[in-house]
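Containing compact mmCIF, C-alpha atoms: start_21.txt.
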```
# COMPACT_ATOMS: atom_id res chain seq x y z
CA MET A 1091 30.94 8.17 -121.55
CA ASN A 1092 28.17 8.88 -119.10
CA VAL A 1093 26.37 11.35 -121.38
CA THR A 1094 24.96 8.51 -123.45
CA ALA A 1095 24.90 5.78 -120.83
CA ASN A 1096 22.64 7.60 -118.34
CA VAL A 1097 19.98 9.50 -120.22
CA THR A 1098 17.53 9.36 -117.33
CA ALA A 1099 18.23 8.69 -113.70
CA ILE A 1100 15.05 7.45 -112.05
CA SER A 1101 11.76 6.20 -113.44
CA THR A 1102 8.50 5.02 -111.95
CA VAL A 1103 8.24 1.50 -110.61
CA ASP A 1104 8.37 -1.30 -113.17
CA THR A 1105 6.15 -4.04 -111.75
CA MET A 1106 7.41 -6.70 -114.19
CA ASP A 1107 4.18 -8.58 -113.62
CA THR A 1108 4.59 -12.12 -114.92
CA GLY A 1109 1.02 -13.03 -114.03
CA PRO A 1110 0.28 -16.59 -112.93
CA ASP A 1111 3.36 -17.90 -114.73
CA ASP A 1112 6.35 -17.36 -112.41
CA SER A 1113 8.66 -19.62 -114.40
CA LEU A 1114 12.20 -18.64 -115.32
CA ALA A 1115 11.10 -18.32 -118.94
CA ALA A 1116 8.37 -15.81 -118.00
CA LEU A 1117 10.74 -13.88 -115.74
CA THR A 1118 13.37 -13.73 -118.49
CA ALA A 1119 10.82 -12.45 -121.00
CA SER A 1120 9.66 -9.78 -118.53
CA LEU A 1121 13.23 -8.61 -117.97
CA ARG A 1122 13.79 -8.19 -121.70
CA GLN A 1123 10.69 -6.01 -121.88
CA SER A 1124 11.34 -4.01 -118.69
CA ARG A 1125 11.36 -0.22 -118.79
CA GLY A 1126 14.92 0.09 -117.47
CA ILE A 1127 16.40 -2.13 -120.17
CA ALA A 1128 14.26 -0.39 -122.81
CA HIS A 1129 15.80 2.94 -121.82
CA LYS A 1130 19.28 1.47 -122.22
CA ARG A 1131 18.43 0.05 -125.64
CA ASP A 1132 17.89 3.61 -126.84
CA ILE A 1133 21.64 4.20 -126.44
CA ASP A 1134 22.43 1.92 -129.39
CA ALA A 1135 20.85 4.37 -131.84
CA VAL A 1136 22.93 7.19 -130.34
CA MET A 1137 26.10 5.12 -130.64
CA ARG A 1138 25.49 4.52 -134.33
CA VAL A 1139 25.90 8.27 -134.81
CA LEU A 1140 28.54 9.14 -132.21
CA GLY A 1141 30.78 6.12 -132.72
CA THR A 1142 33.07 4.74 -130.02
CA GLY A 1143 35.10 7.81 -129.03
CA ILE A 1144 38.79 8.60 -129.36
CA ASP A 1145 41.65 6.23 -128.69
CA ALA A 1146 41.85 5.03 -125.05
CA VAL A 1147 38.57 6.77 -124.15
CA PRO A 1148 35.79 4.31 -125.07
CA ILE A 1149 32.20 5.50 -124.82
CA GLY A 1150 29.67 3.60 -122.74
CA ASP A 1151 31.05 3.65 -119.22
CA ASP A 1152 29.70 5.24 -116.05
CA CYS A 1153 31.98 8.23 -116.69
CA ALA A 1154 34.14 9.61 -119.44
CA ALA A 1155 37.76 8.97 -118.42
CA ILE A 1156 40.48 11.27 -119.77
CA PRO A 1157 44.14 10.44 -119.02
CA ASP A 1158 45.85 13.26 -117.14
CA ALA A 1159 49.48 14.35 -116.89
CA ASP A 1160 49.95 12.62 -113.52
CA GLY A 1161 49.26 9.11 -114.79
CA GLY A 1162 45.68 9.10 -113.53
CA TYR A 1163 42.37 10.06 -115.07
CA LEU A 1164 39.93 12.93 -114.98
CA LEU A 1165 36.37 11.64 -114.78
CA PHE A 1166 33.27 13.38 -116.12
CA ALA A 1167 29.64 12.30 -115.81
CA ILE A 1168 26.17 13.76 -116.16
CA GLU A 1169 22.66 12.71 -115.17
CA GLY A 1170 19.36 14.04 -116.48
CA PHE A 1171 16.04 13.47 -114.72
CA ILE A 1172 12.65 12.77 -116.24
CA ASN A 1173 10.19 15.64 -115.82
CA GLU A 1174 7.61 13.56 -113.95
CA PHE A 1175 10.10 12.65 -111.24
CA VAL A 1176 11.27 16.26 -110.81
CA GLU A 1177 7.66 17.44 -110.62
CA LYS A 1178 6.49 14.89 -108.05
CA GLU A 1179 9.69 14.53 -105.97
CA PRO A 1180 11.55 17.86 -106.27
CA TRP A 1181 13.65 17.57 -103.09
CA PHE A 1182 14.57 13.96 -103.78
CA ALA A 1183 15.38 14.77 -107.41
CA GLY A 1184 17.83 17.41 -106.23
CA TYR A 1185 19.33 14.98 -103.70
CA CYS A 1186 19.70 12.27 -106.36
CA GLY A 1187 21.31 14.77 -108.72
CA VAL A 1188 24.38 14.70 -106.51
CA MET A 1189 24.13 11.16 -105.16
CA VAL A 1190 23.84 9.23 -108.43
CA ASN A 1191 26.69 11.19 -109.98
CA VAL A 1192 28.87 10.50 -106.95
CA SER A 1193 28.11 6.80 -107.37
CA ASP A 1194 29.19 6.91 -111.03
CA ILE A 1195 32.55 8.41 -110.07
CA TYR A 1196 33.20 5.74 -107.44
CA ALA A 1197 32.09 3.00 -109.88
CA MET A 1198 35.07 4.01 -112.03
CA GLY A 1199 37.49 3.73 -109.10
CA GLY A 1200 37.58 7.50 -108.65
CA ARG A 1201 36.77 10.13 -106.07
CA PRO A 1202 34.49 13.10 -106.77
CA LEU A 1203 35.80 16.66 -106.92
CA ALA A 1204 32.82 18.92 -107.65
CA VAL A 1205 29.42 19.13 -109.31
CA VAL A 1206 27.54 21.69 -111.40
CA ASP A 1207 23.82 21.76 -112.07
CA ALA A 1208 21.52 22.97 -114.83
CA LEU A 1209 18.12 23.91 -113.44
CA TRP A 1210 15.14 25.28 -115.33
CA SER A 1211 12.13 26.34 -113.28
CA ARG A 1212 9.14 28.56 -112.98
CA GLY A 1213 9.51 31.79 -111.04
CA GLY A 1214 8.98 32.30 -107.33
CA ALA A 1215 9.81 29.47 -104.92
CA ALA A 1216 9.22 26.58 -107.36
CA ALA A 1217 12.91 25.65 -107.49
CA GLN A 1218 13.47 25.85 -103.73
CA PRO A 1219 13.00 22.16 -102.84
CA ILE A 1220 15.23 21.06 -105.71
CA LEU A 1221 17.97 23.41 -104.52
CA GLU A 1222 17.56 22.20 -100.95
CA GLY A 1223 17.92 18.59 -102.07
CA LEU A 1224 21.07 19.43 -104.02
CA ALA A 1225 22.51 21.23 -100.99
CA ALA A 1226 21.68 18.35 -98.62
CA ALA A 1227 23.41 15.72 -100.74
CA SER A 1228 26.38 18.03 -101.34
CA GLU A 1229 26.86 18.25 -97.57
CA ILE A 1230 26.36 14.54 -96.90
CA TYR A 1231 28.74 13.37 -99.62
CA GLN A 1232 31.14 16.31 -99.10
CA VAL A 1233 31.16 17.24 -102.78
CA PRO A 1234 30.85 20.99 -103.44
CA ILE A 1235 28.46 22.51 -105.97
CA VAL A 1236 30.73 24.96 -107.76
CA GLY A 1237 28.45 26.46 -110.40
CA GLY A 1238 26.02 25.68 -113.16
CA HIS A 1239 23.18 27.26 -115.11
CA SER A 1240 19.74 28.41 -114.05
CA ASN A 1241 16.65 29.65 -115.87
CA ARG A 1242 13.72 30.77 -113.73
CA ARG A 1243 11.43 31.59 -116.67
CA ASN A 1244 10.57 28.09 -117.80
CA ASP A 1245 7.11 26.49 -117.78
CA ARG A 1246 8.20 23.61 -115.48
CA GLU A 1247 11.10 22.34 -113.38
CA GLN A 1248 13.83 20.43 -115.24
CA LEU A 1249 17.13 19.23 -113.83
CA SER A 1250 20.45 17.82 -114.91
CA VAL A 1251 23.62 17.58 -112.85
CA ALA A 1252 27.21 16.97 -113.95
CA ILE A 1253 30.23 15.92 -111.92
CA MET A 1254 34.00 15.82 -112.18
CA GLY A 1255 36.30 13.42 -110.34
CA ARG A 1256 39.73 11.88 -110.47
CA ALA A 1257 40.96 8.28 -110.43
CA LYS A 1258 44.44 6.91 -109.85
CA ARG A 1259 43.51 3.53 -111.35
CA LEU A 1260 40.32 2.77 -113.25
CA LEU A 1261 37.50 0.33 -112.85
CA THR A 1262 35.80 0.15 -116.25
CA SER A 1263 33.06 -1.69 -118.11
CA PHE A 1264 35.60 -2.79 -120.72
CA ASP A 1265 38.06 -4.81 -118.64
CA ALA A 1266 36.17 -7.87 -117.44
CA ALA A 1267 37.71 -11.15 -118.61
CA PRO A 1268 36.35 -14.66 -119.27
CA GLY A 1269 36.33 -17.01 -116.29
CA GLN A 1270 35.79 -14.31 -113.68
CA ASN A 1271 33.11 -13.93 -111.03
CA LEU A 1272 30.32 -11.40 -111.41
CA VAL A 1273 30.04 -9.92 -107.92
CA ALA A 1274 27.07 -7.85 -106.73
CA ALA A 1275 27.52 -5.51 -103.74
CA ILE A 1276 24.26 -3.85 -102.59
CA ASP A 1277 23.36 -1.96 -99.43
CA LEU A 1278 20.13 -3.60 -98.30
CA ARG A 1279 19.69 -1.25 -95.31
CA GLY A 1280 17.03 0.78 -97.06
CA ARG A 1281 13.49 0.84 -98.43
CA PHE A 1282 11.74 1.58 -101.69
CA HIS A 1283 11.03 5.24 -102.32
CA GLU A 1284 7.48 4.52 -103.42
CA PRO A 1285 6.12 4.42 -106.06
CA TYR A 1286 9.52 4.42 -107.74
CA ALA A 1287 11.85 1.52 -108.39
CA TYR A 1288 14.46 3.32 -106.31
CA TRP A 1289 15.92 1.49 -103.27
CA ASP A 1290 16.94 4.28 -100.90
CA ALA A 1291 19.70 3.32 -98.46
CA SER A 1292 21.08 6.87 -98.41
CA THR A 1293 18.65 9.40 -96.95
CA GLY A 1294 18.70 9.15 -93.17
CA ALA A 1295 21.85 7.00 -93.07
CA PRO A 1296 24.98 8.27 -91.27
CA ALA A 1297 26.88 10.53 -93.67
CA ALA A 1298 30.31 9.33 -92.56
CA ARG A 1299 29.30 5.72 -93.14
CA LEU A 1300 27.98 6.47 -96.62
CA ARG A 1301 31.25 8.11 -97.63
CA ALA A 1302 33.39 5.34 -96.13
CA ASP A 1303 31.34 2.66 -97.90
CA LEU A 1304 32.00 4.32 -101.26
CA GLU A 1305 35.73 4.43 -100.54
CA LEU A 1306 35.79 0.65 -100.98
CA LEU A 1307 35.65 1.09 -104.77
CA PRO A 1308 38.82 3.17 -105.34
CA ALA A 1309 40.64 1.02 -102.78
CA ILE A 1310 39.73 -2.12 -104.74
CA ALA A 1311 40.92 -0.47 -107.96
CA GLU A 1312 44.17 0.86 -106.55
CA GLU A 1313 45.08 -2.47 -104.95
CA GLY A 1314 44.42 -4.36 -108.18
CA LEU A 1315 41.62 -6.51 -106.76
CA SER A 1316 39.42 -5.81 -109.78
CA ALA A 1317 39.67 -3.89 -113.05
CA ALA A 1318 36.00 -3.94 -114.05
CA ALA A 1319 32.94 -2.52 -112.32
CA LYS A 1320 29.69 -0.76 -113.02
CA ASP A 1321 27.17 1.16 -110.93
CA ILE A 1322 23.80 -0.62 -110.81
CA SER A 1323 21.56 1.80 -112.65
CA MET A 1324 17.88 2.13 -113.52
CA ALA A 1325 18.30 -1.01 -115.67
CA GLY A 1326 18.58 -3.02 -112.44
CA VAL A 1327 21.19 -5.59 -111.56
CA ILE A 1328 20.52 -7.76 -114.62
CA GLY A 1329 20.36 -4.88 -117.10
CA THR A 1330 23.55 -3.43 -115.64
CA ALA A 1331 25.24 -6.81 -115.98
CA LEU A 1332 24.20 -6.86 -119.64
CA MET A 1333 25.88 -3.49 -120.23
CA LEU A 1334 29.08 -4.55 -118.48
CA LEU A 1335 29.25 -7.80 -120.40
CA GLU A 1336 28.54 -6.14 -123.75
CA CYS A 1337 31.29 -3.57 -123.21
CA SER A 1338 33.77 -6.34 -122.37
CA ALA A 1339 32.56 -8.55 -125.29
CA LEU A 1340 31.59 -11.37 -122.93
CA GLY A 1341 28.73 -13.63 -121.99
CA ALA A 1342 27.84 -15.09 -118.61
CA VAL A 1343 25.59 -17.36 -116.61
CA ILE A 1344 23.87 -15.41 -113.82
CA ASP A 1345 22.30 -17.23 -110.87
CA LEU A 1346 19.20 -15.25 -109.88
CA ASP A 1347 19.00 -16.96 -106.49
CA ALA A 1348 22.50 -15.72 -105.59
CA ILE A 1349 21.66 -12.02 -106.00
CA PRO A 1350 21.58 -10.22 -102.61
CA LYS A 1351 17.95 -9.26 -101.92
CA PRO A 1352 16.06 -7.70 -99.01
CA ASP A 1353 13.66 -9.95 -97.13
CA GLY A 1354 10.07 -9.63 -98.26
CA VAL A 1355 10.77 -8.02 -101.62
CA PRO A 1356 9.56 -10.06 -104.63
CA LEU A 1357 12.37 -11.15 -106.93
CA GLN A 1358 10.54 -9.74 -109.95
CA ARG A 1359 10.56 -6.25 -108.47
CA TRP A 1360 14.07 -6.46 -107.08
CA LEU A 1361 15.63 -7.35 -110.42
CA THR A 1362 14.63 -3.95 -111.84
CA ALA A 1363 15.34 -1.94 -108.67
CA PHE A 1364 17.78 0.99 -108.74
CA PRO A 1365 19.75 0.87 -105.44
CA SER A 1366 21.41 3.96 -103.97
CA PHE A 1367 24.48 1.81 -103.26
CA GLY A 1368 24.80 -1.01 -105.77
CA PHE A 1369 27.79 -2.12 -107.81
CA LEU A 1370 28.74 -5.01 -110.06
CA LEU A 1371 32.37 -6.07 -110.27
CA SER A 1372 34.17 -8.71 -112.29
CA VAL A 1373 36.62 -10.45 -109.98
CA ALA A 1374 39.15 -13.23 -110.51
CA ASP A 1375 38.95 -16.30 -108.29
CA GLU A 1376 42.14 -15.32 -106.45
CA GLN A 1377 40.67 -12.00 -105.28
CA LEU A 1378 37.07 -13.11 -104.72
CA ALA A 1379 37.19 -13.78 -100.98
CA GLN A 1380 38.99 -10.53 -100.27
CA VAL A 1381 36.58 -8.41 -102.33
CA ILE A 1382 33.49 -9.99 -100.78
CA GLY A 1383 35.01 -9.66 -97.33
CA ARG A 1384 35.61 -5.94 -97.70
CA PHE A 1385 31.97 -5.24 -98.48
CA THR A 1386 30.48 -7.58 -95.90
CA ALA A 1387 32.76 -6.15 -93.21
CA ARG A 1388 30.94 -2.85 -93.69
CA GLY A 1389 27.48 -4.41 -93.56
CA ILE A 1390 26.97 -4.40 -97.34
CA ALA A 1391 25.46 -7.55 -98.84
CA CYS A 1392 27.88 -9.02 -101.37
CA ALA A 1393 27.96 -12.27 -103.33
CA ALA A 1394 29.22 -13.87 -106.52
CA ILE A 1395 26.14 -14.08 -108.74
CA GLY A 1396 27.57 -15.47 -111.96
CA ARG A 1397 30.56 -16.35 -114.06
CA THR A 1398 31.78 -14.68 -117.22
CA ASP A 1399 32.65 -16.52 -120.43
CA ASP A 1400 33.50 -15.75 -124.04
CA SER A 1401 30.17 -16.92 -125.49
CA HIS A 1402 28.64 -13.43 -125.99
CA VAL A 1403 25.44 -14.98 -124.62
CA VAL A 1404 23.92 -14.07 -121.24
CA ARG A 1405 21.91 -16.84 -119.58
CA LEU A 1406 19.85 -16.73 -116.40
CA GLN A 1407 19.78 -19.67 -114.00
CA ARG A 1408 17.43 -20.81 -111.23
CA GLY A 1409 18.27 -24.24 -109.87
CA VAL A 1410 18.80 -26.50 -112.86
CA GLU A 1411 16.85 -24.23 -115.25
CA LEU A 1412 18.66 -22.04 -117.78
CA GLU A 1413 17.16 -19.39 -120.06
CA THR A 1414 18.88 -17.18 -122.61
CA LEU A 1415 18.33 -13.50 -121.84
CA TRP A 1416 20.51 -11.91 -124.52
CA ASP A 1417 22.69 -13.01 -127.42
CA PHE A 1418 25.05 -10.20 -128.38
CA LYS A 1419 25.91 -12.05 -131.59
CA GLN A 1420 22.33 -11.44 -132.68
CA GLU A 1421 21.43 -8.14 -131.03
CA ALA A 1422 23.25 -5.20 -129.46
CA LEU A 1423 21.96 -3.61 -126.26
CA ILE A 1424 23.76 -0.27 -125.91
CA GLY A 1425 26.17 -0.78 -128.82
CA CYS A 1426 29.20 0.24 -126.76
CA GLY A 1427 31.37 -2.86 -127.01
CA PRO A 1428 34.97 -2.68 -128.20
CA ALA A 1429 33.71 -3.64 -131.65
CA ARG A 1430 30.18 -4.18 -132.88
CA LEU A 1431 29.54 -7.86 -133.34
CA PRO A 1432 28.22 -8.84 -136.77
CA LEU A 1433 24.43 -9.11 -136.63
```

Spit out the file's structure as structure tokens when you get a sec.
Amino acid sequence: MNVTANVTAISTVDTMDTGPDDSLAALTASLRQSRGIAHKRDIDAVMRVLGTGIDAVPIGDDCAAIPDADGGYLLFAIEGFINEFVEKEPWFAGYCGVMVNVSDIYAMGGRPLAVVDALWSRGGAAAQPILEGLAAASEIYQVPIVGGHSNRRNDREQLSVAIMGRAKRLLTSFDAAPGQNLVAAIDLRGRFHEPYAYWDASTGAPAARLRADLELLPAIAEEGLSAAAKDISMAGVIGTALMLLECSALGAVIDLDAIPKPDGVPLQRWLTAFPSFGFLLSVADEQLAQVIGRFTARGIACAAIGRTDDSHVVRLQRGVELETLWDFKQEALIGCGPARLPL
């Protein structure tokens, strides 16, 4: 259920400064303390009140998925944006309102149908750049804005955007299995939207290419090449992997050196980056080459970065070094697994 899984959409850059100690142990400690993962940890307290949803609709995924009468699923998601981001980047906030929701729908193996927005603003032209950003992304991703709510008598600009989509066959956070490959697919043809941790490979890119790239996800779902995926969020590639693994009650070893990364970007910063096109999938050995090949054929960097297991422990690897990042037997992250492990 996206309402709890994506409380905020974009935050300021997290430098993850490890100081003079660039060891794997220092990097692991910095990841645990990073802002993106801290935001996700807040979800656990929400889950203790809301529970795990109704039968067949577990909470904690990129979207809420409701079975429909045609054998598919209706998908619902929502994103809210921190006030500082909306204030300083109003056009880009509007643009992201559509774009990040579209990504959540595709992460579930679906295709978007329409979005609605809730916009509070001051009077006059204060809301204009936000509306223009919403309209631009709606045109680029060919997803109509069909309504919403507005209030032009607020003391500041505030934005949230919701989306509806449909999937024939789901990719979920709950269907990874032990002994599979964690695969990261990230569009590196971008740049940081400074000073934010956001890797923008969307604005300025050909609209038709952006839409066709996203179509890889429902095709992979419908052809049975994977059953588990997650959109790389503000928690970064490692934090997103933690959420996927927790939901599927798994552990993993993740090779940091295998993660696709742009040239010249420090690993510490990249591990907490929020890419405009970034997905994690859990893929069986038999389908690995085909899945990687589909992304790389479209110019998207893609690699197996780890292997899942049933340990409930997530370890990070660099060369021969191993460090434990998270032990779900001892500590929940978002609390959205199929059953809470005894603590």

How close does segment 1167-1201 of chain A get to segment 1248-1271 of chain A? List, as a Markdown table, each residue of segment 1167-1201 of chain A within 9 Å, its nearest atom pair and the distance in Å to one decimal, counting only C-alpha atoms.
```
| residue | atom | partner | partner_atom | distance |
| --- | --- | --- | --- | --- |
| A:Ala1167 | CA | A:Ile1253 | CA | 5.3 |
| A:Ile1168 | CA | A:Ala1252 | CA | 4.0 |
| A:Glu1169 | CA | A:Val1251 | CA | 5.5 |
| A:Gly1170 | CA | A:Ser1250 | CA | 4.2 |
| A:Phe1171 | CA | A:Leu1249 | CA | 5.9 |
| A:Ile1172 | CA | A:Gln1248 | CA | 7.8 |
| A:Asn1173 | CA | A:Gln1248 | CA | 6.0 |
| A:Val1176 | CA | A:Gln1248 | CA | 6.6 |
| A:Glu1177 | CA | A:Gln1248 | CA | 8.3 |
| A:Ala1183 | CA | A:Leu1249 | CA | 8.0 |
| A:Gly1184 | CA | A:Leu1249 | CA | 7.8 |
| A:Gly1187 | CA | A:Val1251 | CA | 5.5 |
| A:Val1188 | CA | A:Val1251 | CA | 7.0 |
| A:Asn1191 | CA | A:Ile1253 | CA | 6.2 |
| A:Val1192 | CA | A:Ile1253 | CA | 7.5 |
| A:Ile1195 | CA | A:Gly1255 | CA | 6.3 |
| A:Tyr1196 | CA | A:Ala1257 | CA | 8.7 |
| A:Ala1197 | CA | A:Leu1261 | CA | 6.7 |
| A:Met1198 | CA | A:Leu1261 | CA | 4.5 |
| A:Gly1199 | CA | A:Leu1261 | CA | 5.1 |
| A:Gly1200 | CA | A:Ala1257 | CA | 3.9 |
| A:Arg1201 | CA | A:Gly1255 | CA | 5.4 |
```

*Nearby residues, (22.6, 4.7, -100.9) file frame, 8 Å, only C-alpha atoms, as a list of chain:residue names*: A:Met1189, A:Asp1277, A:Gly1280, A:Trp1289, A:Asp1290, A:Ala1291, A:Ser1292, A:Thr1293, A:Leu1300, A:Pro1365, A:Ser1366, A:Phe1367, A:Gly1368

*Extract, using all atoms listed in the file, all DNA, RNA and protein residues at most 7 Å from Ser1211 of chain A, discarding same-chain residues fewer than 3 positions from it, and format them as a list in words.*
Ala1216, Ala1217, Asn1241, Arg1242, Arg1243, Asn1244, Asp1245, Arg1246, Glu1247 and Gln1248 of chain A

*Find the spatial neighbours of Ala1339 of chain A, counting only C-alpha atoms, within a cut-off of 12 Å - ignore same-chain residues fewer than 4 positions away - and output them as a PyMOL selection string.*
chain A and resi 1263-1268+1331-1335+1398-1404+1417-1419+1422-1423+1425-1431

Any idea what's packed within 10 Å of Glu1411 of chain A, counting all atoms listed in the file, ignoring anything in its chain fewer than 6 positions away? Could you give it as a CSV table (one decimal) with C-alpha atoms, in the coordinates of the input?
```
chain,number,residue,atom,x,y,z
A,1113,SER,CA,8.7,-19.6,-114.4
A,1114,LEU,CA,12.2,-18.6,-115.3
A,1115,ALA,CA,11.1,-18.3,-118.9
A,1345,ASP,CA,22.3,-17.2,-110.9
A,1405,ARG,CA,21.9,-16.8,-119.6
```
